[in-house]
$ cat protein09.csv   # CSV, C-alpha atoms
chain,number,residue,atom,x,y,z
A,231,MET,CA,118.9,96.5,72.9
A,232,ARG,CA,119.7,96.1,76.6
A,233,ALA,CA,121.9,93.3,78.0
A,234,PRO,CA,120.2,89.9,78.1
A,235,VAL,CA,118.6,89.5,81.5
A,236,LEU,CA,120.3,86.1,82.0
A,237,LEU,CA,123.6,87.8,82.3
A,238,LEU,CA,122.3,89.6,85.4
A,239,SER,CA,121.0,86.6,87.3
A,240,LEU,CA,124.1,86.0,89.5
A,241,THR,CA,123.9,89.5,90.9
A,242,LEU,CA,120.2,89.7,91.4
A,243,LEU,CA,119.4,86.6,93.3
A,244,SER,CA,121.2,87.4,96.6
A,245,PRO,CA,118.8,86.9,99.5
A,246,ALA,CA,117.3,89.7,101.4
A,247,LEU,CA,119.0,88.3,104.5
A,248,ALA,CA,122.3,89.7,103.1
A,249,HIS,CA,120.9,93.2,103.8
A,250,GLY,CA,118.5,92.7,106.6
A,251,GLN,CA,115.3,90.9,107.5
A,252,ALA,CA,113.8,88.5,105.0
A,253,PHE,CA,110.8,89.7,103.1
A,254,VAL,CA,107.3,88.3,103.6
A,255,HIS,CA,105.9,86.5,100.6
A,256,PRO,CA,103.3,87.0,99.3
A,257,GLY,CA,103.8,90.6,100.5
A,258,ILE,CA,103.1,93.1,97.8
A,259,LEU,CA,99.8,94.9,98.6
A,260,LEU,CA,98.3,91.6,99.7
A,261,ASP,CA,99.5,89.0,102.1
A,262,ALA,CA,98.2,85.5,102.9
A,263,PRO,CA,95.8,86.7,105.7
A,264,ALA,CA,94.4,89.4,103.5
A,265,LEU,CA,93.8,87.0,100.7
A,266,GLN,CA,92.1,84.5,103.1
A,267,ALA,CA,89.9,87.2,104.5
A,268,THR,CA,88.5,88.0,101.1
A,269,ARG,CA,88.0,84.4,100.2
A,270,THR,CA,86.1,83.9,103.5
A,271,ALA,CA,83.9,86.9,102.8
A,272,LEU,CA,83.1,85.7,99.3
A,273,ARG,CA,82.2,82.3,100.5
A,274,ALA,CA,79.9,83.9,103.2
A,275,GLY,CA,78.2,85.9,100.5
A,276,ASP,CA,79.4,89.3,101.8
A,277,PRO,CA,77.4,91.8,99.6
A,278,LEU,CA,80.3,94.2,99.2
A,279,LYS,CA,82.9,91.6,98.2
A,280,THR,CA,80.3,89.7,96.0
A,281,SER,CA,79.4,92.8,94.1
A,282,ALA,CA,83.1,93.7,93.6
A,283,MET,CA,83.9,90.2,92.4
A,284,ALA,CA,81.0,90.4,89.9
A,285,ALA,CA,82.3,93.7,88.6
A,286,MET,CA,85.7,92.2,88.1
A,287,ARG,CA,84.5,89.1,86.3
A,288,GLN,CA,82.5,91.2,83.9
A,289,SER,CA,85.6,93.2,82.9
A,290,PRO,CA,87.4,92.5,79.6
A,291,LEU,CA,90.5,92.3,81.8
A,292,ALA,CA,89.2,89.1,83.3
A,293,SER,CA,88.6,87.3,80.0
A,294,LEU,CA,90.4,84.0,79.5
A,295,GLU,CA,90.4,84.9,75.8
A,296,HIS,CA,92.8,87.8,76.5
A,297,VAL,CA,95.8,87.6,74.2
A,298,ALA,CA,99.0,89.4,75.2
A,299,THR,CA,100.6,91.7,72.6
A,300,PRO,CA,104.1,92.4,73.8
A,301,SER,CA,106.6,94.7,72.1
A,302,ALA,CA,110.4,94.5,71.9
A,303,ARG,CA,110.5,98.1,72.8
A,304,VAL,CA,107.9,100.5,74.3
A,305,GLU,CA,107.9,104.1,73.3
A,306,CYS,CA,105.6,106.6,75.0
A,307,GLY,CA,105.5,110.3,74.6
A,308,SER,CA,103.3,112.8,76.5
A,309,PHE,CA,99.6,111.7,76.3
A,310,ASP,CA,100.8,108.6,74.4
A,311,LYS,CA,102.0,110.6,71.4
A,312,PRO,CA,103.9,108.7,70.0
A,313,SER,CA,102.6,105.4,71.3
A,314,ILE,CA,104.4,102.2,70.4
A,315,GLY,CA,103.2,99.4,72.7
A,316,CYS,CA,102.0,101.8,75.5
A,317,LYS,CA,98.4,100.9,75.9
A,318,PRO,CA,99.0,97.2,75.1
A,319,GLU,CA,101.6,97.0,77.9
A,320,ARG,CA,99.3,98.7,80.4
A,321,ASP,CA,96.4,96.5,79.4
A,322,ASP,CA,98.4,93.3,79.6
A,323,ALA,CA,99.8,94.3,83.0
A,324,LYS,CA,96.3,95.1,84.3
A,325,ALA,CA,95.0,91.8,82.9
A,326,ALA,CA,97.8,89.8,84.5
A,327,TYR,CA,97.0,91.3,87.9
A,328,THR,CA,93.3,90.7,87.4
A,329,HIS,CA,93.8,87.0,86.5
A,330,ALA,CA,96.2,86.6,89.4
A,331,LEU,CA,93.5,88.0,91.8
A,332,LEU,CA,90.9,85.7,90.3
A,333,TRP,CA,93.2,82.8,90.9
A,334,ALA,CA,94.0,83.8,94.4
A,335,TYR,CA,90.4,84.3,95.4
A,336,LEU,CA,88.6,81.6,93.4
A,337,GLY,CA,91.3,79.0,93.0
A,338,GLU,CA,90.6,78.6,89.3
A,339,GLN,CA,93.7,77.3,87.6
A,340,ALA,CA,92.9,78.7,84.2
A,341,HIS,CA,93.3,82.2,85.6
A,342,ALA,CA,96.7,81.4,87.1
A,343,ARG,CA,97.8,80.0,83.7
A,344,LYS,CA,96.5,83.1,81.9
A,345,ALA,CA,98.5,85.4,84.2
A,346,VAL,CA,101.6,83.3,83.6
A,347,GLU,CA,101.0,83.3,79.8
A,348,ILE,CA,100.8,87.1,79.8
A,349,MET,CA,103.9,87.7,82.0
A,350,ASP,CA,106.0,85.2,80.1
A,351,ALA,CA,105.0,86.7,76.8
A,352,TRP,CA,106.4,90.1,77.8
A,353,ALA,CA,109.4,88.8,79.7
A,354,THR,CA,110.6,87.0,76.5
A,355,THR,CA,109.9,89.8,74.1
A,356,LEU,CA,110.6,93.2,75.7
A,357,THR,CA,114.4,93.7,75.5
A,358,GLY,CA,114.7,97.4,74.5
A,359,GLY,CA,113.1,99.0,77.6
A,360,HIS,CA,111.0,102.2,77.5
A,361,ALA,CA,111.7,105.3,75.4
A,362,ASN,CA,110.5,108.9,75.0
A,363,SER,CA,109.3,111.5,77.5
A,364,ASN,CA,106.8,109.3,79.4
A,365,ALA,CA,109.1,106.3,79.6
A,366,PRO,CA,109.7,106.6,83.4
A,367,LEU,CA,106.0,106.8,84.1
A,368,GLN,CA,105.0,104.0,81.7
A,369,ALA,CA,107.7,101.8,83.3
A,370,SER,CA,106.4,102.7,86.8
A,371,TRP,CA,102.8,102.1,86.0
A,372,THR,CA,103.3,98.7,84.5
A,373,ALA,CA,106.0,97.5,87.0
A,374,GLN,CA,103.6,98.4,89.8
A,375,LEU,CA,101.1,95.8,88.3
A,376,TRP,CA,103.6,93.2,87.0
A,377,THR,CA,105.1,92.8,90.4
A,378,ARG,CA,101.7,92.3,92.1
A,379,ALA,CA,100.7,89.7,89.6
A,380,ALA,CA,104.0,87.9,89.8
A,381,GLU,CA,104.1,87.9,93.6
A,382,LEU,CA,100.7,86.3,93.8
A,383,ILE,CA,101.3,83.6,91.2
A,384,ARG,CA,104.8,82.7,92.4
A,385,HIS,CA,103.9,82.4,96.0
A,386,THR,CA,100.3,81.1,95.9
A,387,SER,CA,100.3,78.6,93.0
A,388,THR,CA,102.4,76.0,91.2
A,389,ALA,CA,101.5,77.3,87.8
A,390,TRP,CA,104.9,79.0,87.2
A,391,PRO,CA,108.2,77.2,87.2
A,392,GLU,CA,110.6,78.8,89.6
A,393,ALA,CA,113.2,79.4,86.9
A,394,ASP,CA,110.6,81.4,84.9
A,395,ALA,CA,109.5,83.3,88.0
A,396,ARG,CA,113.2,84.2,88.7
A,397,ARG,CA,113.7,85.2,85.1
A,398,PHE,CA,110.8,87.5,85.4
A,399,GLY,CA,112.4,89.3,88.3
A,400,ASP,CA,115.7,89.7,86.5
A,401,TRP,CA,113.7,91.0,83.5
A,402,LEU,CA,112.0,93.6,85.7
A,403,ILE,CA,115.3,94.9,87.0
A,404,ALA,CA,116.8,95.0,83.5
A,405,GLN,CA,113.9,96.5,81.5
A,406,TYR,CA,112.1,98.7,84.1
A,407,LEU,CA,114.4,99.9,86.9
A,408,PRO,CA,116.8,101.9,84.6
A,409,ASP,CA,113.9,103.8,83.1
A,410,ILE,CA,112.3,104.5,86.4
A,411,ASP,CA,115.6,105.7,87.8
A,412,ARG,CA,116.0,108.3,85.1
A,413,MET,CA,112.8,110.1,86.1
A,414,GLY,CA,114.5,113.3,87.3
A,415,PRO,CA,113.4,115.6,90.2
A,416,CYS,CA,110.8,117.8,88.5
A,417,PRO,CA,107.9,115.9,86.8
A,418,GLY,CA,104.5,115.7,88.4
A,419,GLY,CA,104.6,114.3,91.9
A,420,ASN,CA,102.4,111.3,90.8
A,421,TRP,CA,105.4,110.2,88.7
A,422,HIS,CA,107.6,110.0,91.8
A,423,ALA,CA,104.9,108.2,93.8
A,424,SER,CA,104.5,105.5,91.1
A,425,GLY,CA,108.2,105.2,90.8
A,426,ILE,CA,108.5,104.6,94.5
A,427,GLU,CA,105.8,102.0,94.6
A,428,ALA,CA,107.3,100.2,91.6
A,429,ARG,CA,110.8,100.1,93.0
A,430,MET,CA,109.5,99.0,96.4
A,431,ASN,CA,107.6,96.1,94.8
A,432,MET,CA,110.6,95.1,92.6
A,433,GLY,CA,112.8,95.0,95.7
A,434,ILE,CA,110.4,92.7,97.5
A,435,TYR,CA,109.8,90.4,94.5
A,436,THR,CA,113.5,90.0,93.8
A,437,ASP,CA,114.5,90.0,97.4
A,438,ARG,CA,116.7,93.0,96.8
A,439,ARG,CA,116.7,94.9,100.1
A,440,ASP,CA,118.8,97.7,98.6
A,441,ILE,CA,116.1,98.6,96.0
A,442,HIS,CA,113.3,98.3,98.6
A,443,ASP,CA,115.0,100.4,101.2
A,444,ARG,CA,115.8,103.2,98.7
A,445,ALA,CA,112.2,103.3,97.8
A,446,VAL,CA,111.1,103.6,101.4
A,447,ALA,CA,113.6,106.4,102.0
A,448,ASP,CA,112.2,108.2,98.9
A,449,TRP,CA,108.6,107.8,100.2
A,450,HIS,CA,109.6,109.5,103.5
A,451,THR,CA,111.1,112.4,101.4
A,452,ARG,CA,108.5,112.8,98.7
A,453,LEU,CA,105.1,112.4,100.4
A,454,PRO,CA,105.7,115.6,102.6
A,455,THR,CA,106.4,117.6,99.4
A,456,TYR,CA,103.2,116.3,97.7
A,457,VAL,CA,100.6,116.7,100.5
A,458,TYR,CA,100.6,119.9,102.6
A,459,LEU,CA,100.2,120.2,106.4
A,460,PRO,CA,100.3,123.5,108.3
A,461,VAL,CA,103.3,122.2,110.2
A,462,ASP,CA,105.3,122.6,106.9
A,463,GLY,CA,105.0,126.4,107.2
A,464,SER,CA,103.2,128.9,105.1
A,465,THR,CA,104.3,127.2,101.8
A,466,PRO,CA,104.7,123.5,100.8
A,467,LEU,CA,108.0,121.8,101.4
A,468,PRO,CA,110.4,122.1,98.4
A,469,ARG,CA,111.1,119.1,96.2
A,470,PRO,CA,114.7,117.8,96.6
A,471,GLY,CA,116.8,118.7,93.6
A,472,CYS,CA,114.1,120.7,91.7
A,473,ASP,CA,114.4,124.4,91.3
A,474,THR,CA,111.0,124.9,89.7
A,475,PRO,CA,109.1,127.5,91.7
A,476,ILE,CA,106.6,126.1,94.3
A,477,GLU,CA,103.8,128.1,92.8
A,478,THR,CA,104.4,126.5,89.4
A,479,LEU,CA,104.6,123.0,90.8
A,480,TRP,CA,101.4,123.6,92.7
A,481,PHE,CA,99.6,125.0,89.6
A,482,GLY,CA,99.2,128.5,90.8
A,483,GLN,CA,97.7,127.6,94.2
A,484,THR,CA,99.1,129.9,96.9
A,485,VAL,CA,96.5,129.5,99.7
A,486,MET,CA,97.2,126.3,101.6
A,487,ALA,CA,95.1,123.9,103.6
A,488,ALA,CA,95.7,120.6,105.4
A,489,GLY,CA,95.5,117.8,102.9
A,490,LEU,CA,95.9,119.9,99.7
A,491,ALA,CA,98.0,118.1,97.2
A,492,GLU,CA,100.5,119.4,94.7
A,493,GLU,CA,98.3,118.3,91.8
A,494,THR,CA,94.9,119.2,93.2
A,495,CYS,CA,94.7,122.3,91.0
A,496,ARG,CA,96.0,120.4,88.0
A,497,ASP,CA,93.1,117.9,88.2
A,498,LEU,CA,92.0,115.2,90.6
A,499,GLU,CA,92.7,112.4,88.3
A,500,HIS,CA,96.4,113.0,88.5
A,501,THR,CA,96.0,113.6,92.3
A,502,ALA,CA,94.4,110.2,92.5
A,503,TYR,CA,97.4,108.7,90.7
A,504,GLY,CA,99.7,110.2,93.3
A,505,LEU,CA,97.7,109.4,96.4
A,506,ALA,CA,97.0,105.9,95.3
A,507,ALA,CA,100.7,105.1,94.8
A,508,PHE,CA,101.7,106.6,98.2
A,509,LEU,CA,98.9,104.6,99.9
A,510,ASN,CA,99.8,101.4,98.0
A,511,ALA,CA,103.4,101.7,99.1
A,512,ALA,CA,102.4,102.3,102.7
A,513,GLU,CA,100.2,99.2,102.7
A,514,THR,CA,102.9,97.1,101.2
A,515,ASN,CA,105.4,98.5,103.8
A,516,ARG,CA,103.0,97.6,106.6
A,517,LEU,CA,102.9,94.0,105.3
A,518,GLN,CA,106.7,93.9,105.5
A,519,GLY,CA,106.7,95.2,109.1
A,520,GLY,CA,107.4,98.8,108.2
A,521,SER,CA,105.9,102.0,109.7
A,522,LEU,CA,105.2,104.4,106.8
A,523,TYR,CA,101.5,104.7,107.9
A,524,GLN,CA,102.6,105.7,111.3
A,525,ALA,CA,105.2,108.2,110.0
A,526,GLN,CA,102.8,110.2,107.9
A,527,GLY,CA,99.3,109.0,109.0
A,528,GLU,CA,98.1,112.6,109.7
A,529,ARG,CA,99.2,113.7,106.2
A,530,LEU,CA,97.5,110.8,104.4
A,531,VAL,CA,94.2,111.1,106.3
A,532,ALA,CA,94.2,114.9,105.7
A,533,ALA,CA,94.6,114.3,102.0
A,534,MET,CA,91.8,111.7,101.8
A,535,GLU,CA,89.4,113.8,103.8
A,536,PHE,CA,90.3,117.1,102.1
A,537,HIS,CA,89.6,115.9,98.6
A,538,THR,CA,86.5,113.9,99.4
A,539,ASP,CA,85.1,116.9,101.4
A,540,MET,CA,85.7,119.3,98.5
A,541,LEU,CA,84.2,116.8,96.0
A,542,ALA,CA,81.0,116.7,98.1
A,543,ARG,CA,80.5,120.4,98.2
A,544,PRO,CA,78.0,122.0,95.7
A,545,VAL,CA,80.3,124.9,95.3
A,546,VAL,CA,84.1,124.8,95.4
A,547,PRO,CA,85.5,127.6,97.6
A,548,ALA,CA,86.8,130.5,95.6
A,549,TRP,CA,90.3,130.2,97.2
A,550,LEU,CA,90.8,126.7,95.9
A,551,CYS,CA,91.9,126.2,92.3
A,552,LYS,CA,90.1,129.4,91.3
A,553,GLY,CA,86.8,127.8,92.4
A,554,LYS,CA,87.0,124.8,90.0
A,555,LEU,CA,88.0,121.2,90.5
A,556,VAL,CA,88.5,119.0,87.5
A,557,SER,CA,87.6,115.2,87.5
A,558,ASP,CA,87.6,113.2,90.8
A,559,VAL,CA,89.4,110.5,92.8
A,560,ARG,CA,87.2,107.7,91.6
A,561,GLY,CA,88.7,104.2,92.0
A,562,THR,CA,91.0,104.7,94.9
A,563,LEU,CA,91.2,105.5,98.7
A,564,GLU,CA,89.9,102.1,99.8
A,565,ILE,CA,93.3,101.0,100.9
A,566,GLY,CA,93.9,104.0,103.1
A,567,TYR,CA,90.4,103.9,104.4
A,568,SER,CA,90.7,100.2,105.3
A,569,HIS,CA,93.8,101.0,107.4
A,570,PHE,CA,92.9,104.2,109.1
A,571,ALA,CA,89.2,103.6,109.6
A,572,GLY,CA,89.1,99.8,109.6
A,573,ARG,CA,92.2,98.8,111.6
A,574,LEU,CA,92.7,102.0,113.7
A,575,GLY,CA,89.0,103.0,114.1
A,576,GLN,CA,89.5,106.6,113.0
A,577,ALA,CA,86.5,108.5,111.7
A,578,LEU,CA,86.9,109.6,108.1
A,579,PRO,CA,83.4,110.8,107.4
A,580,HIS,CA,84.1,112.5,104.0
A,581,THR,CA,86.0,109.5,102.7
A,582,ALA,CA,83.3,107.1,103.9
A,583,ALA,CA,80.6,109.1,102.1
A,584,TRP,CA,82.7,109.2,98.9
A,585,LEU,CA,83.4,105.5,98.9
A,586,ALA,CA,79.8,104.6,99.7
A,587,ALA,CA,78.7,106.4,96.5
A,588,HIS,CA,81.4,104.9,94.3
A,589,ARG,CA,81.5,101.2,95.2
A,590,PRO,CA,82.5,98.8,93.8
A,591,SER,CA,85.4,100.5,92.3
A,592,GLN,CA,87.4,99.4,89.2
A,593,GLY,CA,90.1,102.1,89.0
A,594,ASP,CA,92.8,102.3,86.4
A,595,PHE,CA,96.6,102.1,85.9
A,596,HIS,CA,98.1,101.2,89.3
A,597,PHE,CA,94.8,101.4,91.4
A,598,LEU,CA,92.6,98.5,90.4
A,599,TRP,CA,89.8,96.5,92.1
A,600,GLU,CA,90.4,98.1,95.5
A,601,THR,CA,86.9,97.4,96.8
A,602,LEU,CA,87.5,93.7,96.3
A,603,THR,CA,91.0,93.6,97.6
A,604,HIS,CA,90.7,96.1,100.5
A,605,GLY,CA,87.1,97.3,100.9
A,606,SER,CA,85.9,97.3,104.5
A,607,ALA,CA,82.8,98.4,106.4
A,608,LEU,CA,82.3,102.1,106.4
A,609,ILE,CA,82.7,104.0,109.6
A,610,GLU,CA,81.4,107.6,109.5

$ encode --input "protein09.csv" --output "structure tokens"
Amino acid sequence: MRAPVLLLSLTLLSPALAHGQAFVHPGILLDAPALQATRTALRAGDPLKTSAMAAMRQSPLASLEHVATPSARVECGSFDKPSIGCKPERDDAKAAYTHALLWAYLGEQAHARKAVEIMDAWATTLTGGHANSNAPLQASWTAQLWTRAAELIRHTSTAWPEADARRFGDWLIAQYLPDIDRMGPCPGGNWHASGIEARMNMGIYTDRRDIHDRAVADWHTRLPTYVYLPVDGSTPLPRPGCDTPIETLWFGQTVMAAGLAEETCRDLEHTAYGLAAFLNAAETNRLQGGSLYQAQGERLVAAMEFHTDMLARPVVPAWLCKGKLVSDVRGTLEIGYSHFAGRLGQALPHTAAWLAAHRPSQGDFHFLWETLTHGSALIE
């Protein structure tokens, strides 16, 4: 069992001002103007947002009958074998985020109370952290969602006593951060992407500038090793600290193209996990006044356009993944599209066509309800 979180409180509540500029709250993936824009669109009957809200409300994740099933310790092996509390933790984190969004958009107190109920159940039960081979990924996936839900409830409602909201932050640092930090340099790149987003979010929620800034630095380092651009040279950039051969990390792919990702030839589901987390982190960084989008905008756009282009082709080129792509990127890319096409006016024709055919999206794991939260008019 890990040290009780209350013992850590004195060290975790130092304000962000001690290390730099104060954080914006709410400011994890969504801020007050973004929330208000969607509320306004829903009240106006915007068909895109209305259909996305209807899809959310029909989901079991939105049920007020949802009952949290927390575990004192979560153990997750590869492909959830073994699985002790793995799916329940993920489902509860997704439900907490869903109810937090329903509260934020509709103002229905029952959803705020349900989100608090789920979060408090886990924060008073999980004391043994995460174990087995997939522990760092499990901790990342759920922390990505817990922090979003907690940020919304804490900073847009009165449903959560401040002492409990602070306890939740201490709990995240005690029960999630150590597991994420032992990830190591060589697992699939989507692991690192999720770990970066989770740590960035935790830093913001707990006003820990040190945790946040380390995640930002890792984003700068890791994204260029995950998505290829010709400026990198004839081969992808090497991963820091990992001596696994590039060809192995890239699943045998040796012919490079702008936007190709490390996991493209593994399958596009895992590629979506990685791209979604990098995009989520860039969006949160933007809300906090950062410049991750500007730093790697060309790389992010190339990745979005490359994969949606290849998915639309009737035949996959023979040079790419031996002529076969597995699965797709369903459920994500709305956040990146909203920024590059919506805010900046860039044309992303392949991404626009893909999104048009797959709206409204639900997603999974750390990319959920993106059409509702970030969907914007399509610019082809």

$ closest_residue --input "protein09.csv" --among "A:Ala369, A:Leu509, A:Leu555, A:Leu598" --to "Ala326 in chain A" --atoms "all atoms listed in the file"
A:Leu598

$ residues_around --input "protein09.csv" --residues "Arg269 in chain A" --least-positions-apart "5" --cutoff "9 Å" --atoms "all atoms listed in the file" --output "list of chain:residue names"
A:Ala264, A:Ala274, A:Ala334, A:Tyr335, A:Leu336

$ atom_distance --input "protein09.csv" --atom1 "CA of Ile410 in chain A" --atom2 "CA of Thr501 in chain A"
19.6 Å

$ closest_atom_pairs --input "protein09.csv" --of "range 560-605 of chain A" --to "range 372-385 of chain A" --cutoff "12 Å" --atoms "all atoms listed in the file" --output "JSON lines"
{"residue": "A:Asp594", "atom": "CA", "partner": "A:Leu375", "partner_atom": "CA", "distance": 10.7}
{"residue": "A:Phe595", "atom": "CA", "partner": "A:Thr372", "partner_atom": "CA", "distance": 7.6}
{"residue": "A:His596", "atom": "CA", "partner": "A:Gln374", "partner_atom": "CA", "distance": 6.2}
{"residue": "A:Phe597", "atom": "CA", "partner": "A:Leu375", "partner_atom": "CA", "distance": 9.0}
{"residue": "A:Leu598", "atom": "CA", "partner": "A:Leu375", "partner_atom": "CA", "distance": 9.2}
{"residue": "A:Trp599", "atom": "CA", "partner": "A:Leu375", "partner_atom": "CA", "distance": 11.9}

$ write_last_selection --input "protein09.csv" --atoms "C-alpha atoms" --output "short mmCIF file (atom, residue, chain, number, x, y, z; two decimals), in the coordinates of the input"
data_model
loop_
_atom_site.label_atom_id
_atom_site.label_comp_id
_atom_site.auth_asym_id
_atom_site.auth_seq_id
_atom_site.Cartn_x
_atom_site.Cartn_y
_atom_site.Cartn_z
CA ASP A 594 92.80 102.30 86.40
CA PHE A 595 96.60 102.10 85.90
CA HIS A 596 98.10 101.20 89.30
CA PHE A 597 94.80 101.40 91.40
CA LEU A 598 92.60 98.50 90.40
CA TRP A 599 89.80 96.50 92.10
#

$ closest_residue --input "protein09.csv" --among "A:Gly504, A:Gly489, A:Gly553, A:Pro460" --to "Leu530 in chain A" --atoms "all atoms listed in the file"
A:Gly489

$ residues_near_point --input "protein09.csv" --point "(76.4, 93.2, 102.1)" --cutoff "12 Å" --atoms "only C-alpha atoms" --output "PyMOL selection string"
chain A and resi 271-272+274-282+589-590+605-608

$ write_last_selection --input "protein09.csv" --atoms "C-alpha atoms" --output "PDB file, keeping the file's coordinate frame"
ATOM      1  CA  ALA A 271      83.900  86.900 102.800  1.00  0.00           C
ATOM      2  CA  LEU A 272      83.100  85.700  99.300  1.00  0.00           C
ATOM      3  CA  ALA A 274      79.900  83.900 103.200  1.00  0.00           C
ATOM      4  CA  GLY A 275      78.200  85.900 100.500  1.00  0.00           C
ATOM      5  CA  ASP A 276      79.400  89.300 101.800  1.00  0.00           C
ATOM      6  CA  PRO A 277      77.400  91.800  99.600  1.00  0.00           C
ATOM      7  CA  LEU A 278      80.300  94.200  99.200  1.00  0.00           C
ATOM      8  CA  LYS A 279      82.900  91.600  98.200  1.00  0.00           C
ATOM      9  CA  THR A 280      80.300  89.700  96.000  1.00  0.00           C
ATOM     10  CA  SER A 281      79.400  92.800  94.100  1.00  0.00           C
ATOM     11  CA  ALA A 282      83.100  93.700  93.600  1.00  0.00           C
ATOM     12  CA  ARG A 589      81.500 101.200  95.200  1.00  0.00           C
ATOM     13  CA  PRO A 590      82.500  98.800  93.800  1.00  0.00           C
ATOM     14  CA  GLY A 605      87.100  97.300 100.900  1.00  0.00           C
ATOM     15  CA  SER A 606      85.900  97.300 104.500  1.00  0.00           C
ATOM     16  CA  ALA A 607      82.800  98.400 106.400  1.00  0.00           C
ATOM     17  CA  LEU A 608      82.300 102.100 106.400  1.00  0.00           C
TER      18      LEU A 608
END

$ atom_distance --input "protein09.csv" --atom1 "CA of Phe309 in chain A" --atom2 "CA of Asp409 in chain A"
17.7 Å

$ atom_distance --input "protein09.csv" --atom1 "CA of Ala302 in chain A" --atom2 "CA of Asp321 in chain A"
16.0 Å

$ closest_residue --input "protein09.csv" --among "A:Thr357, A:Gln524, A:Ser313, A:Thr538" --to "Leu574 in chain A" --atoms "all atoms listed in the file"
A:Gln524

$ residues_around --input "protein09.csv" --residues "range 292-298 of chain A" --least-positions-apart "6" --cutoff "10 Å" --atoms "only C-alpha atoms" --output "list in words"
Ala285, Met286, Pro318, Glu319, Asp321, Asp322, Ala323, Lys324, Ala325, Ala326, Tyr327, Thr328, His329, Ala330, Leu331, Leu332, Ala340, His341, Arg343, Lys344, Ala345, Glu347, Ile348, Met349, Asp350, Ala351 and Trp352 of chain A

$ write_last_selection --input "protein09.csv" --atoms "C-alpha atoms" --output "tab-separated table (two decimals), in the frame of the given file"
chain	number	residue	atom	x	y	z
A	285	ALA	CA	82.30	93.70	88.60
A	286	MET	CA	85.70	92.20	88.10
A	318	PRO	CA	99.00	97.20	75.10
A	319	GLU	CA	101.60	97.00	77.90
A	321	ASP	CA	96.40	96.50	79.40
A	322	ASP	CA	98.40	93.30	79.60
A	323	ALA	CA	99.80	94.30	83.00
A	324	LYS	CA	96.30	95.10	84.30
A	325	ALA	CA	95.00	91.80	82.90
A	326	ALA	CA	97.80	89.80	84.50
A	327	TYR	CA	97.00	91.30	87.90
A	328	THR	CA	93.30	90.70	87.40
A	329	HIS	CA	93.80	87.00	86.50
A	330	ALA	CA	96.20	86.60	89.40
A	331	LEU	CA	93.50	88.00	91.80
A	332	LEU	CA	90.90	85.70	90.30
A	340	ALA	CA	92.90	78.70	84.20
A	341	HIS	CA	93.30	82.20	85.60
A	343	ARG	CA	97.80	80.00	83.70
A	344	LYS	CA	96.50	83.10	81.90
A	345	ALA	CA	98.50	85.40	84.20
A	347	GLU	CA	101.00	83.30	79.80
A	348	ILE	CA	100.80	87.10	79.80
A	349	MET	CA	103.90	87.70	82.00
A	350	ASP	CA	106.00	85.20	80.10
A	351	ALA	CA	105.00	86.70	76.80
A	352	TRP	CA	106.40	90.10	77.80
